[in-house]
>>> print(open('data14.txt').read())   # compact mmCIF, C-alpha atoms
# COMPACT_ATOMS: atom_id res chain seq x y z
CA MET A 1 -165.77 54.96 87.48
CA LEU A 2 -163.65 55.48 84.38
CA THR A 3 -161.84 58.82 84.41
CA VAL A 4 -159.93 60.38 81.51
CA SER A 5 -157.19 62.95 81.84
CA ARG A 6 -156.57 65.85 79.44
CA LYS A 7 -153.59 64.06 77.91
CA GLU A 8 -155.66 60.92 77.37
CA LEU A 9 -158.39 62.97 75.66
CA LEU A 10 -155.78 64.55 73.40
CA VAL A 11 -154.46 61.09 72.46
CA LEU A 12 -158.01 59.92 71.74
CA GLU A 13 -158.70 63.01 69.59
CA LEU A 14 -155.56 62.37 67.51
CA LEU A 15 -156.18 58.64 67.18
CA VAL A 16 -159.86 59.06 66.21
CA ARG A 17 -158.80 61.60 63.58
CA ASP A 18 -156.02 59.46 62.07
CA THR A 19 -157.34 55.94 62.97
CA GLN A 20 -153.92 54.62 63.94
CA MET A 21 -150.59 56.20 64.91
CA TYR A 22 -147.16 55.44 66.39
CA GLY A 23 -146.11 56.93 69.74
CA LEU A 24 -143.63 59.30 68.15
CA GLN A 25 -146.22 60.42 65.59
CA LEU A 26 -148.57 61.30 68.45
CA VAL A 27 -145.83 63.43 70.05
CA THR A 28 -145.26 65.30 66.77
CA ALA A 29 -148.98 65.72 66.02
CA SER A 30 -149.69 67.05 69.54
CA LYS A 31 -147.38 70.04 68.86
CA GLY A 32 -145.55 69.78 72.18
CA ARG A 33 -148.50 68.89 74.38
CA LEU A 34 -147.38 65.25 74.59
CA LYS A 35 -143.74 64.58 75.53
CA ARG A 36 -141.75 61.64 74.22
CA GLY A 37 -140.57 60.89 77.77
CA THR A 38 -144.10 60.24 79.02
CA VAL A 39 -146.18 59.36 75.96
CA TYR A 40 -145.78 55.59 76.45
CA VAL A 41 -146.73 55.85 80.14
CA THR A 42 -149.96 57.58 79.04
CA LEU A 43 -150.56 55.07 76.24
CA GLY A 44 -149.95 52.13 78.61
CA ARG A 45 -152.45 53.55 81.13
CA MET A 46 -155.01 54.03 78.32
CA GLU A 47 -154.58 50.43 77.22
CA ASP A 48 -155.24 49.32 80.80
CA LYS A 49 -158.45 51.37 80.78
CA GLY A 50 -159.50 49.81 77.46
CA LEU A 51 -159.56 53.17 75.63
CA ILE A 52 -157.00 52.15 73.00
CA THR A 53 -155.42 48.99 71.71
CA SER A 54 -152.01 48.36 70.17
CA THR A 55 -150.37 45.92 67.78
CA LEU A 56 -146.78 45.34 66.78
CA ASP A 57 -145.69 46.56 63.38
CA ASP A 58 -143.41 44.53 61.11
CA PRO A 59 -139.80 44.49 62.34
CA PRO A 60 -137.52 46.96 60.51
CA PRO A 61 -135.26 45.58 57.77
CA GLY A 62 -131.84 44.42 59.08
CA ALA A 63 -131.00 42.28 62.08
CA GLY A 64 -131.85 43.13 65.69
CA GLY A 65 -134.14 46.13 65.20
CA LEU A 66 -137.19 46.45 67.42
CA PRO A 67 -140.65 46.56 65.80
CA ARG A 68 -142.72 49.68 66.46
CA ARG A 69 -146.06 49.60 68.25
CA VAL A 70 -149.05 51.12 66.49
CA TYR A 71 -152.03 52.43 68.48
CA THR A 72 -155.75 52.37 67.56
CA PRO A 73 -158.76 53.73 69.51
CA THR A 74 -161.28 51.17 70.80
CA ALA A 75 -165.05 51.57 70.59
CA LEU A 76 -165.03 52.55 74.29
CA GLY A 77 -162.35 55.18 73.58
CA GLY A 78 -164.42 56.61 70.71
CA ARG A 79 -167.57 56.73 72.88
CA MET A 80 -165.63 58.34 75.72
CA LEU A 81 -164.31 61.07 73.42
CA SER A 82 -167.72 61.84 71.89
CA ALA A 83 -169.37 61.86 75.33
CA TRP A 84 -166.76 64.29 76.60
CA THR A 85 -166.94 66.48 73.49
CA SER A 86 -170.76 66.73 73.58
CA GLY A 87 -170.67 67.35 77.34
CA ALA A 88 -168.08 70.09 76.91
CA LYS A 89 -170.14 71.71 74.14
CA GLN A 90 -173.16 71.88 76.44
CA LEU A 91 -171.06 73.53 79.14
CA VAL A 92 -169.70 76.22 76.81
CA PRO A 93 -172.18 79.17 76.55
CA ASP A 94 -173.51 80.08 73.08
CA PHE A 95 -171.56 83.34 72.83
CA ALA A 96 -168.26 81.51 73.41
CA ARG A 97 -168.73 79.06 70.52
CA MET B 1 -122.44 47.60 64.98
CA MET B 2 -124.77 47.35 67.99
CA ARG B 3 -128.02 49.31 67.64
CA PRO B 4 -128.55 52.03 70.27
CA GLY B 5 -130.63 50.89 73.22
CA THR B 6 -129.63 47.21 72.94
CA ARG B 7 -127.70 47.26 76.22
CA LEU B 8 -130.40 49.37 77.89
CA ARG B 9 -132.99 46.80 76.81
CA GLY B 10 -130.88 44.00 78.30
CA ILE B 11 -130.65 45.81 81.66
CA SER B 12 -134.36 46.68 81.63
CA ALA B 13 -135.32 43.07 80.88
CA ARG B 14 -133.71 42.01 84.18
CA TRP B 15 -135.78 44.43 86.25
CA CYS B 16 -139.03 45.05 84.38
CA SER B 17 -142.10 42.85 83.90
CA VAL B 18 -143.04 41.50 80.46
CA LYS B 19 -145.91 44.02 80.33
CA THR B 20 -143.56 46.97 81.06
CA MET B 21 -141.15 45.70 78.41
CA GLU B 22 -143.91 45.43 75.80
CA ARG B 23 -145.74 48.64 76.65
CA LEU B 24 -142.89 51.02 77.56
CA VAL B 25 -139.32 49.83 77.02
CA ASP B 26 -139.62 48.29 73.54
CA PRO B 27 -141.72 51.07 71.92
CA ALA B 28 -139.43 53.80 73.34
CA LEU B 29 -136.29 51.98 72.17
CA ALA B 30 -137.86 51.24 68.76
CA ASP B 31 -138.36 55.01 68.33
CA LEU B 32 -134.76 55.66 69.37
CA GLN B 33 -133.43 53.08 66.91
CA LEU B 34 -135.58 54.40 64.07
CA GLU B 35 -134.52 58.02 64.61
CA TYR B 36 -130.88 57.01 65.03
CA GLU B 37 -131.01 54.97 61.82
CA SER B 38 -132.38 57.91 59.82
CA ALA B 39 -129.72 60.22 61.37
CA VAL B 40 -127.01 57.73 60.29
CA VAL B 41 -128.46 57.60 56.76
CA SER B 42 -128.51 61.42 56.57
CA GLY B 43 -124.80 61.37 57.48
CA ARG B 44 -125.06 64.15 60.05
CA LYS B 45 -122.76 63.31 62.97
CA TRP B 46 -124.22 65.91 65.38
CA LYS B 47 -127.78 64.92 64.58
CA ARG B 48 -126.86 61.30 65.36
CA ARG B 49 -125.38 62.30 68.76
CA TRP B 50 -128.35 64.50 69.55
CA VAL B 51 -130.80 61.67 68.77
CA TRP B 52 -128.80 59.26 70.95
CA THR B 53 -128.72 61.68 73.93
CA ALA B 54 -132.33 62.87 73.62
CA GLY B 55 -133.54 59.28 73.21
CA HIS B 56 -131.73 58.08 76.32
CA LEU B 57 -132.92 61.09 78.37
CA ALA B 58 -136.51 60.47 77.25
CA PHE B 59 -136.11 56.82 78.24
CA LEU B 60 -134.89 57.76 81.73
CA LYS B 61 -137.73 60.25 82.13
CA MET B 62 -140.23 57.60 81.06
CA MET B 63 -138.88 55.07 83.57
CA ALA B 64 -138.95 57.69 86.36
CA ALA B 65 -142.58 58.55 85.51
CA HIS B 66 -143.45 54.84 85.41
CA GLY B 67 -141.70 54.23 88.76
CA THR B 68 -143.59 57.10 90.40
CA ALA B 69 -146.91 55.87 89.00
CA ARG B 70 -146.13 52.35 90.28
CA ALA B 71 -145.23 53.69 93.74
CA LEU B 72 -148.50 55.66 93.93
CA GLY B 73 -150.44 52.65 92.63
CA LEU B 74 -148.83 50.57 95.37
CA LEU B 75 -150.55 52.71 98.02
CA HIS B 76 -153.94 51.90 96.45
CA ASP B 77 -153.17 48.17 96.45
CA LEU B 78 -152.39 48.02 100.18
CA THR B 79 -154.58 45.58 102.13
CA ALA B 80 -156.01 46.29 105.60
CA GLU B 81 -153.24 44.11 107.05
CA ASP B 82 -150.57 46.09 105.17
CA ARG B 83 -152.02 49.35 106.47
CA GLN B 84 -152.01 47.98 110.02
CA THR B 85 -148.35 46.87 109.70
CA LEU B 86 -147.31 50.21 108.18
CA THR B 87 -149.23 52.26 110.77
CA ARG B 88 -147.53 50.27 113.54
CA THR B 89 -144.10 50.64 111.90
CA PHE B 90 -144.38 54.37 111.22
CA SER B 91 -145.79 55.03 114.71
CA TYR B 92 -142.72 53.35 116.23
CA CYS B 93 -140.48 55.27 113.82
CA ALA B 94 -142.06 58.64 114.66
CA GLY B 95 -141.98 57.99 118.41
CA ILE B 96 -138.33 56.95 118.43
CA MET B 97 -137.31 59.79 116.10
CA MET B 98 -138.94 62.33 118.44
CA LEU B 99 -137.40 60.76 121.53
CA GLY B 100 -133.98 60.54 119.84
CA THR B 101 -134.15 64.17 118.70
CA LEU B 102 -135.01 65.34 122.22
CA LEU B 103 -132.20 63.26 123.74
CA LEU B 104 -129.70 64.74 121.28
CA VAL B 105 -130.86 68.29 122.01
CA VAL B 106 -130.77 67.94 125.83
CA PRO B 107 -126.91 68.14 126.19
CA PHE B 108 -126.97 71.59 124.58
CA LEU B 109 -129.80 72.95 126.71
CA ASP B 110 -127.45 74.44 129.29
CA LEU B 111 -126.20 76.78 126.52
CA VAL B 112 -129.73 78.07 126.00
CA THR B 113 -130.55 79.76 129.27
CA LEU B 114 -134.09 80.98 129.69
CA SER B 115 -132.78 84.43 130.59
CA HIS B 116 -131.33 84.77 127.06
CA PRO B 117 -133.53 87.17 125.03
CA ARG B 118 -133.68 84.71 122.10
CA SER B 119 -133.83 81.43 124.02
CA ALA B 120 -136.83 80.09 122.02
CA THR B 121 -135.07 80.73 118.66
CA LEU B 122 -131.84 79.23 119.97
CA LEU B 123 -133.73 76.11 120.99
CA LEU B 124 -135.20 75.79 117.47
CA TYR B 125 -131.71 76.03 115.94
CA LEU B 126 -130.68 72.93 117.91
CA PHE B 127 -133.20 70.56 116.31
CA PRO B 128 -131.88 70.28 112.69
CA GLN B 129 -128.46 68.93 113.81
CA ALA B 130 -130.22 66.14 115.74
CA LEU B 131 -132.44 64.94 112.89
CA PRO B 132 -129.81 63.25 110.61
CA LEU B 133 -128.88 61.11 113.63
CA SER B 134 -132.33 60.42 115.06
CA VAL B 135 -133.96 59.56 111.70
CA PRO B 136 -131.86 56.41 110.99
CA VAL B 137 -132.27 55.32 114.63
CA GLY B 138 -136.05 55.77 114.42
CA LEU B 139 -136.32 53.89 111.13
CA THR B 140 -134.15 51.00 112.36
CA PHE B 141 -136.13 50.36 115.56
CA GLY B 142 -139.47 51.21 113.92
CA ILE B 143 -139.00 48.67 111.13
CA LEU B 144 -137.61 45.99 113.44
CA TRP B 145 -140.53 46.31 115.88
CA GLY B 146 -143.14 46.97 113.22
CA PHE B 147 -142.15 44.12 110.89
CA GLY B 148 -140.47 41.73 113.31
CA ARG B 149 -143.53 40.20 114.91
CA ALA B 150 -145.83 39.58 111.96
CA ALA B 151 -145.01 38.69 108.38
CA ALA B 152 -144.81 41.93 106.37
CA SER B 153 -145.89 41.71 102.75
CA ARG B 154 -143.67 42.68 99.83
CA ARG B 155 -145.86 45.76 99.32
CA SER B 156 -145.27 46.93 102.92
CA ARG B 157 -141.53 46.37 102.59
CA THR B 158 -141.45 48.34 99.33
CA VAL B 159 -143.41 51.24 100.88
CA VAL B 160 -141.02 51.34 103.86
CA LEU B 161 -137.97 51.36 101.58
CA ILE B 162 -139.46 54.16 99.44
CA VAL B 163 -140.06 56.17 102.62
CA ALA B 164 -136.46 55.43 103.69
CA VAL B 165 -135.19 56.81 100.36
CA ALA B 166 -137.28 59.95 100.95
CA PHE B 167 -135.79 60.29 104.44
CA SER B 168 -132.30 59.91 102.95
CA ALA B 169 -133.06 62.79 100.58
CA VAL B 170 -134.31 64.90 103.51
CA SER B 171 -131.19 64.00 105.53
CA PHE B 172 -128.99 65.04 102.62
CA THR B 173 -130.72 68.44 102.43
CA MET B 174 -130.30 68.85 106.18
CA LEU B 175 -126.62 67.87 106.19
CA ALA B 176 -125.70 69.85 103.09
CA TRP B 177 -127.45 73.15 103.79
CA VAL B 178 -129.87 73.33 106.74
CA VAL B 179 -127.58 72.12 109.57
CA PRO B 180 -124.62 74.38 108.58
CA ALA B 181 -126.97 77.38 108.39
CA THR B 182 -128.72 76.72 111.72
CA ASN B 183 -125.41 75.88 113.45
CA GLN B 184 -123.99 79.23 112.35
CA ALA B 185 -127.21 81.07 113.26
CA PHE B 186 -127.06 79.43 116.72
CA ARG B 187 -123.46 80.56 117.26
CA VAL B 188 -124.13 84.11 116.08
CA SER B 189 -127.30 84.40 118.20
CA LEU B 190 -125.53 83.03 121.26
CA MET B 191 -122.48 85.29 120.94
CA GLY B 192 -124.45 88.34 119.81
CA ARG B 193 -121.81 89.20 117.19
CA PRO B 194 -120.55 87.76 113.85
CA VAL B 195 -118.59 84.51 114.34
CA MET B 196 -116.23 82.84 111.84
CA LYS B 197 -117.60 79.62 110.37
CA GLY B 198 -116.11 76.28 111.46
CA ILE B 199 -116.09 73.09 109.34
CA ASN B 200 -119.57 72.09 110.53
CA GLU B 201 -120.96 75.49 109.62
CA LEU B 202 -119.86 75.31 105.97
CA THR B 203 -122.43 74.22 103.40
CA LEU B 204 -121.51 71.33 101.12
CA GLY B 205 -120.63 73.74 98.29
CA GLU B 206 -118.44 75.91 100.56
CA LEU B 207 -116.71 72.82 101.92
CA SER B 208 -116.00 71.53 98.41
CA GLN B 209 -114.62 74.94 97.38
CA LEU B 210 -112.37 75.08 100.46
CA ILE B 211 -110.99 71.58 99.77
CA GLU B 212 -110.26 72.59 96.19
CA THR B 213 -108.53 75.84 97.24
CA ARG B 214 -106.39 74.17 99.91
CA GLY B 215 -105.67 71.19 97.65
CA ARG B 216 -104.15 73.57 95.07
CA ASP B 217 -101.71 75.02 97.61
CA PRO B 218 -100.90 72.39 100.29
CA LYS B 219 -98.03 74.54 101.67
CA ALA B 220 -100.56 77.12 102.85
CA VAL B 221 -102.10 74.49 105.15
CA PRO B 222 -100.21 74.35 108.48
CA ASP B 223 -101.57 70.96 109.59
CA SER B 224 -101.85 68.23 106.93
CA ARG B 225 -104.61 66.55 109.00
CA ASP B 226 -106.70 69.68 108.37
CA ILE B 227 -107.23 68.96 104.66
CA ARG B 228 -108.05 65.30 105.44
CA ARG B 229 -110.53 66.42 108.10
CA LEU B 230 -112.24 68.62 105.49
CA ALA B 231 -112.36 65.79 102.95
CA LEU B 232 -113.72 63.37 105.56
CA ASN B 233 -116.39 65.82 106.65
CA TYR B 234 -117.41 66.35 103.01
CA HIS B 235 -117.72 62.63 102.18
CA ALA B 236 -119.26 61.80 105.59
CA ARG B 237 -122.17 64.16 104.89
CA TRP B 238 -123.01 62.26 101.69
CA ALA B 239 -122.55 58.93 103.44
CA LEU B 240 -124.58 59.83 106.54
CA ALA B 241 -127.43 60.91 104.26
CA GLY B 242 -127.48 57.30 103.02
CA ALA B 243 -127.83 55.93 106.57
CA PRO B 244 -131.68 56.04 106.69
CA PHE B 245 -131.88 53.86 103.59
CA VAL B 246 -129.01 51.51 104.46
CA LEU B 247 -130.19 50.88 108.03
CA SER B 248 -133.81 50.47 106.83
CA LEU B 249 -132.66 47.90 104.27
CA PHE B 250 -130.75 46.10 107.03
CA SER B 251 -133.84 46.08 109.30
CA VAL B 252 -136.06 44.84 106.45
CA SER B 253 -133.58 42.04 105.69
CA VAL B 254 -133.34 41.02 109.38
CA THR B 255 -137.14 40.75 109.64
CA HIS B 256 -137.60 39.34 106.14
CA ARG B 257 -138.65 35.85 107.12
CA ARG B 258 -137.55 35.20 110.69
CA ARG B 259 -139.93 36.17 113.48
CA ARG B 260 -138.34 37.27 116.77
CA GLY B 261 -139.43 38.59 120.17
CA ARG B 262 -139.52 42.30 121.04
CA TRP B 263 -136.38 42.12 123.23
CA MET B 264 -134.37 40.31 120.60
CA LEU B 265 -135.40 42.87 118.00
CA GLY B 266 -134.53 45.70 120.40
CA LEU B 267 -131.10 44.17 120.93
CA ALA B 268 -130.63 43.76 117.17
CA GLY B 269 -131.55 47.42 116.68
CA GLY B 270 -129.17 48.56 119.42
CA ALA B 271 -126.37 46.44 117.98
CA ALA B 272 -127.02 47.78 114.46
CA ILE B 273 -126.97 51.44 115.52
CA SER B 274 -123.91 50.98 117.77
CA GLY B 275 -122.16 48.97 115.04
CA TYR B 276 -122.86 51.65 112.45
CA TYR B 277 -121.46 54.46 114.61
CA ILE B 278 -118.48 52.39 115.82
CA ILE B 279 -117.52 51.64 112.19
CA MET B 280 -118.09 55.30 111.32
CA TYR B 281 -115.79 56.64 114.06
CA ALA B 282 -113.14 53.91 113.59
CA ALA B 283 -113.07 54.52 109.82
CA LYS B 284 -112.86 58.27 110.45
CA GLU B 285 -109.72 57.78 112.53
CA LEU B 286 -108.23 55.57 109.81
CA GLY B 287 -109.10 58.26 107.30
CA LEU B 288 -107.38 60.96 109.39
CA ASP B 289 -104.27 58.76 109.69
CA ARG B 290 -104.30 58.28 105.90
CA THR B 291 -104.61 54.50 106.36
CA VAL B 292 -107.66 54.60 104.06
CA PRO B 293 -108.82 57.30 101.61
CA ALA B 294 -111.43 59.76 102.92
CA LEU B 295 -114.11 58.49 100.51
CA ALA B 296 -113.65 54.86 101.62
CA ALA B 297 -113.54 55.84 105.31
CA ALA B 298 -116.77 57.83 105.04
CA TRP B 299 -118.68 55.13 103.17
CA ALA B 300 -117.35 52.17 105.22
CA PRO B 301 -120.42 51.85 107.54
CA ASN B 302 -122.86 52.00 104.60
CA VAL B 303 -120.90 49.40 102.63
CA ALA B 304 -120.63 47.14 105.70
CA PHE B 305 -124.38 47.30 106.36
CA LEU B 306 -125.27 46.80 102.69
CA LEU B 307 -123.16 43.63 102.69
CA LEU B 308 -124.75 42.49 105.96
CA SER B 309 -128.21 43.08 104.48
CA VAL B 310 -127.39 40.99 101.42
CA LEU B 311 -126.00 38.19 103.63
CA TYR B 312 -129.09 38.27 105.85
CA LEU B 313 -131.42 38.19 102.87
CA ALA B 314 -129.53 35.29 101.30
CA GLY B 315 -129.60 33.43 104.64
CA SER B 316 -133.27 34.09 105.36
CA LEU B 317 -134.36 32.95 101.91
CA SER B 318 -132.77 29.55 102.54
CA THR B 319 -134.53 29.02 105.92
CA PRO B 320 -138.24 28.42 106.62
CA VAL B 321 -140.39 31.04 108.42
CA ARG B 322 -140.22 30.64 112.21
CA PRO B 323 -142.73 31.94 114.76
CA PRO B 324 -141.54 34.23 117.63
CA LYS B 325 -140.11 32.43 120.67
CA ASN B 326 -141.61 34.73 123.31
CA SER B 327 -144.39 37.26 123.27
>>> encode(input="data14.txt", output="structure tokens")
Amino acid sequence: MLTVSRKELLVLELLVRDTQMYGLQLVTASKGRLKRGTVYVTLGRMEDKGLITSTLDDPPPGAGGLPRRVYTPTALGGRMLSAWTSGAKQLVPDFAR
Amino acid sequence: MMRPGTRLRGISARWCSVKTMERLVDPALADLQLEYESAVVSGRKWKRRWVWTAGHLAFLKMMAAHGTARALGLLHDLTAEDRQTLTRTFSYCAGIMMLGTLLLVVPFLDLVTLSHPRSATLLLYLFPQALPLSVPVGLTFGILWGFGRAAASRRSRTVVLIVAVAFSAVSFTMLAWVVPATNQAFRVSLMGRPVMKGINELTLGELSQLIETRGRDPKAVPDSRDIRRLALNYHARWALAGAPFVLSLFSVSVTHRRRRGRWMLGLAGGAAISGYYIIMYAAKELGLDRTVPALAAAWAPNVAFLLLSVLYLAGSLSTPVRPPKNS
């Protein structure tokens, strides 16, 4: 069974909103909820689960610089997020909405 | 000028898989380089240093998180055979540790007379000082007997070495703080009045402070061997905490590919433990006589067994797997 952690849901939310983002952008956009020391561990685990996919950006100008990796949600990731969001909405009582 | 993270990438490439490099190392270092580049362009020296430090710390944190996740994942990947080997190994380890602890406590039992009002508490105080000695003995024999008769997989060996590292951390805590505290509590309970602390009753911090104080004024020390004894005790606590890992690594290397009978493995274990303590006491004497520095004297048994492990591993990799000679 595919399970998704809170951090993974947050990443999916941000990626679905902005279509594609870099790791560091995700850290900034999460307002402290994602840490730069662990964001790539989370992203790697999500790629293994098939929730997101990544591609290499163009290498930076100048010799020897490493290209950045850009992350995009997969169809499965999108479905997972909407399933969780609709499920969560059903669990929240009317007065709390 | 070399970009930040270039050397770190080179080191990581030696140890990490291609997937780890692509998914973790390269993206994290790309971020570091990008931020560093923009700090250089902005011309702010402190910003540049901050980016360098924060980037490297984040990298270390990421690798630690990845390592932990891998170690936990390893437990899920264990086969039934691995579990059987590990259960056998850890059962031997636990049994020998318990037996060793009891044997080390027995000589002090005559101090704890049953008529003493706190005899049960006094008995409890005796156990912590035995553990840093019985743990490496238990691990050595446990691994030799658990791994020596059937081929242990790489996963099993990794699990055992991770457990050995954990035991080293526990030993360090015991040697640095728990043993000094329980030793002192034992002495005070036994005497029924406050007693001055001896070297073995000082915590690692207190010992370090005492060495520093006496080092500043050597004339105040009546016996010059005293300061060397303090330094040796300090370094020996660090070194002895490494014994569970070093002796486990030695046992893993001995059983890496060669299969041996139970008696041979028992003899190897006995020789390893005796060898370790003989080197430890011989080096201690050399350290007291100033023939070798205290640090070198304390770490001599660990260094010797690390070298032996490497030699064994190199030797076993060049020979084919052999079945045990007797059962």
>>> atom_distance(input="data14.txt", atom1="CA of Met98 (chain B)", atom2="CA of Ser134 (chain B)")
7.7 Å
>>> interface_residues(input="data14.txt", of="chain B", to="chain A", cutoff="12 Å", atoms="only C-alpha atoms", output="number ranges by chain")
B: 1-6, 9, 19-37, 54-70, 73
>>> atom_distance(input="data14.txt", atom1="CA of Gly138 (chain B)", atom2="CA of Ile96 (chain B)")
4.8 Å
>>> closest_residue(input="data14.txt", among="B:Thr158, B:Thr101, B:Ser119, B:Thr79", to="Val252 (chain B)", atoms="all atoms listed in the file")
B:Thr158
>>> residues_around(input="data14.txt", residues="region 144-154 of chain B", least_positions_apart="4", cutoff="8 Å", atoms="all atoms listed in the file", output="PDB file with C-alpha atoms, in the frame of the given file")
ATOM      1  CA  ASP B  82    -150.570  46.090 105.170  1.00  0.00           C
ATOM      2  CA  THR B  85    -148.350  46.870 109.700  1.00  0.00           C
ATOM      3  CA  LEU B  86    -147.310  50.210 108.180  1.00  0.00           C
ATOM      4  CA  ARG B  88    -147.530  50.270 113.540  1.00  0.00           C
ATOM      5  CA  THR B  89    -144.100  50.640 111.900  1.00  0.00           C
ATOM      6  CA  PHE B  90    -144.380  54.370 111.220  1.00  0.00           C
ATOM      7  CA  TYR B  92    -142.720  53.350 116.230  1.00  0.00           C
ATOM      8  CA  THR B 140    -134.150  51.000 112.360  1.00  0.00           C
ATOM      9  CA  THR B 158    -141.450  48.340  99.330  1.00  0.00           C
ATOM     10  CA  SER B 251    -133.840  46.080 109.300  1.00  0.00           C
ATOM     11  CA  VAL B 252    -136.060  44.840 106.450  1.00  0.00           C
ATOM     12  CA  VAL B 254    -133.340  41.020 109.380  1.00  0.00           C
ATOM     13  CA  THR B 255    -137.140  40.750 109.640  1.00  0.00           C
ATOM     14  CA  HIS B 256    -137.600  39.340 106.140  1.00  0.00           C
ATOM     15  CA  ARG B 257    -138.650  35.850 107.120  1.00  0.00           C
ATOM     16  CA  ARG B 258    -137.550  35.200 110.690  1.00  0.00           C
ATOM     17  CA  ARG B 259    -139.930  36.170 113.480  1.00  0.00           C
ATOM     18  CA  ARG B 260    -138.340  37.270 116.770  1.00  0.00           C
ATOM     19  CA  GLY B 261    -139.430  38.590 120.170  1.00  0.00           C
ATOM     20  CA  ARG B 262    -139.520  42.300 121.040  1.00  0.00           C
ATOM     21  CA  LEU B 265    -135.400  42.870 118.000  1.00  0.00           C
ATOM     22  CA  GLY B 266    -134.530  45.700 120.400  1.00  0.00           C
ATOM     23  CA  GLY B 269    -131.550  47.420 116.680  1.00  0.00           C
ATOM     24  CA  PRO B 324    -141.540  34.230 117.630  1.00  0.00           C
TER      25      PRO B 324
END
>>> residues_around(input="data14.txt", residues="Ser5 (chain A)", least_positions_apart="5", cutoff="10 Å", atoms="only C-alpha atoms", output="tab-separated table (two decimals) with C-alpha atoms, keeping the file's coordinate frame")
chain	number	residue	atom	x	y	z
A	10	LEU	CA	-155.78	64.55	73.40
A	11	VAL	CA	-154.46	61.09	72.46
A	42	THR	CA	-149.96	57.58	79.04
A	46	MET	CA	-155.01	54.03	78.32
>>> closest_residue(input="data14.txt", among="B:Asp110, B:Asp77, B:Asp217, B:Glu285", to="Arg229 (chain B)", atoms="only C-alpha atoms")
B:Glu285
>>> axis_aligned_box(input="data14.txt", around="region 51-61 of chain A", padding_each_side="3 Å", output="lines of an AutoDock Vina configuration file")
center_x = -147.4
center_y = 48.8
center_z = 66.7
size_x = 30.3
size_y = 14.7
size_z = 23.9
>>> atom_distance(input="data14.txt", atom1="CA of Thr53 (chain B)", atom2="CA of Ala71 (chain B)")
27.0 Å
>>> residues_around(input="data14.txt", residues="region 171-180 of chain B", least_positions_apart="6", cutoff="10 Å", atoms="all atoms listed in the file", output="PDB file with C-alpha atoms, in the frame of the given file")
ATOM      1  CA  TYR B 125    -131.710  76.030 115.940  1.00  0.00           C
ATOM      2  CA  LEU B 126    -130.680  72.930 117.910  1.00  0.00           C
ATOM      3  CA  PHE B 127    -133.200  70.560 116.310  1.00  0.00           C
ATOM      4  CA  PRO B 128    -131.880  70.280 112.690  1.00  0.00           C
ATOM      5  CA  GLN B 129    -128.460  68.930 113.810  1.00  0.00           C
ATOM      6  CA  ALA B 130    -130.220  66.140 115.740  1.00  0.00           C
ATOM      7  CA  LEU B 131    -132.440  64.940 112.890  1.00  0.00           C
ATOM      8  CA  PRO B 132    -129.810  63.250 110.610  1.00  0.00           C
ATOM      9  CA  LEU B 133    -128.880  61.110 113.630  1.00  0.00           C
ATOM     10  CA  VAL B 135    -133.960  59.560 111.700  1.00  0.00           C
ATOM     11  CA  PRO B 136    -131.860  56.410 110.990  1.00  0.00           C
ATOM     12  CA  VAL B 165    -135.190  56.810 100.360  1.00  0.00           C
ATOM     13  CA  PHE B 186    -127.060  79.430 116.720  1.00  0.00           C
ATOM     14  CA  LYS B 197    -117.600  79.620 110.370  1.00  0.00           C
ATOM     15  CA  GLY B 198    -116.110  76.280 111.460  1.00  0.00           C
ATOM     16  CA  ILE B 199    -116.090  73.090 109.340  1.00  0.00           C
ATOM     17  CA  ASN B 200    -119.570  72.090 110.530  1.00  0.00           C
ATOM     18  CA  GLU B 201    -120.960  75.490 109.620  1.00  0.00           C
ATOM     19  CA  LEU B 202    -119.860  75.310 105.970  1.00  0.00           C
ATOM     20  CA  THR B 203    -122.430  74.220 103.400  1.00  0.00           C
ATOM     21  CA  LEU B 204    -121.510  71.330 101.120  1.00  0.00           C
ATOM     22  CA  GLY B 205    -120.630  73.740  98.290  1.00  0.00           C
ATOM     23  CA  GLU B 206    -118.440  75.910 100.560  1.00  0.00           C
ATOM     24  CA  LEU B 207    -116.710  72.820 101.920  1.00  0.00           C
ATOM     25  CA  TYR B 234    -117.410  66.350 103.010  1.00  0.00           C
ATOM     26  CA  ALA B 236    -119.260  61.800 105.590  1.00  0.00           C
ATOM     27  CA  ARG B 237    -122.170  64.160 104.890  1.00  0.00           C
ATOM     28  CA  TRP B 238    -123.010  62.260 101.690  1.00  0.00           C
ATOM     29  CA  ALA B 239    -122.550  58.930 103.440  1.00  0.00           C
ATOM     30  CA  LEU B 240    -124.580  59.830 106.540  1.00  0.00           C
ATOM     31  CA  ALA B 241    -127.430  60.910 104.260  1.00  0.00           C
ATOM     32  CA  GLY B 242    -127.480  57.300 103.020  1.00  0.00           C
ATOM     33  CA  ALA B 243    -127.830  55.930 106.570  1.00  0.00           C
ATOM     34  CA  PRO B 244    -131.680  56.040 106.690  1.00  0.00           C
TER      35      PRO B 244
END
>>> closest_residue(input="data14.txt", among="A:Met80, A:Ala88, A:Ile52, A:Leu2", to="Leu15 (chain A)", atoms="all atoms listed in the file")
A:Ile52
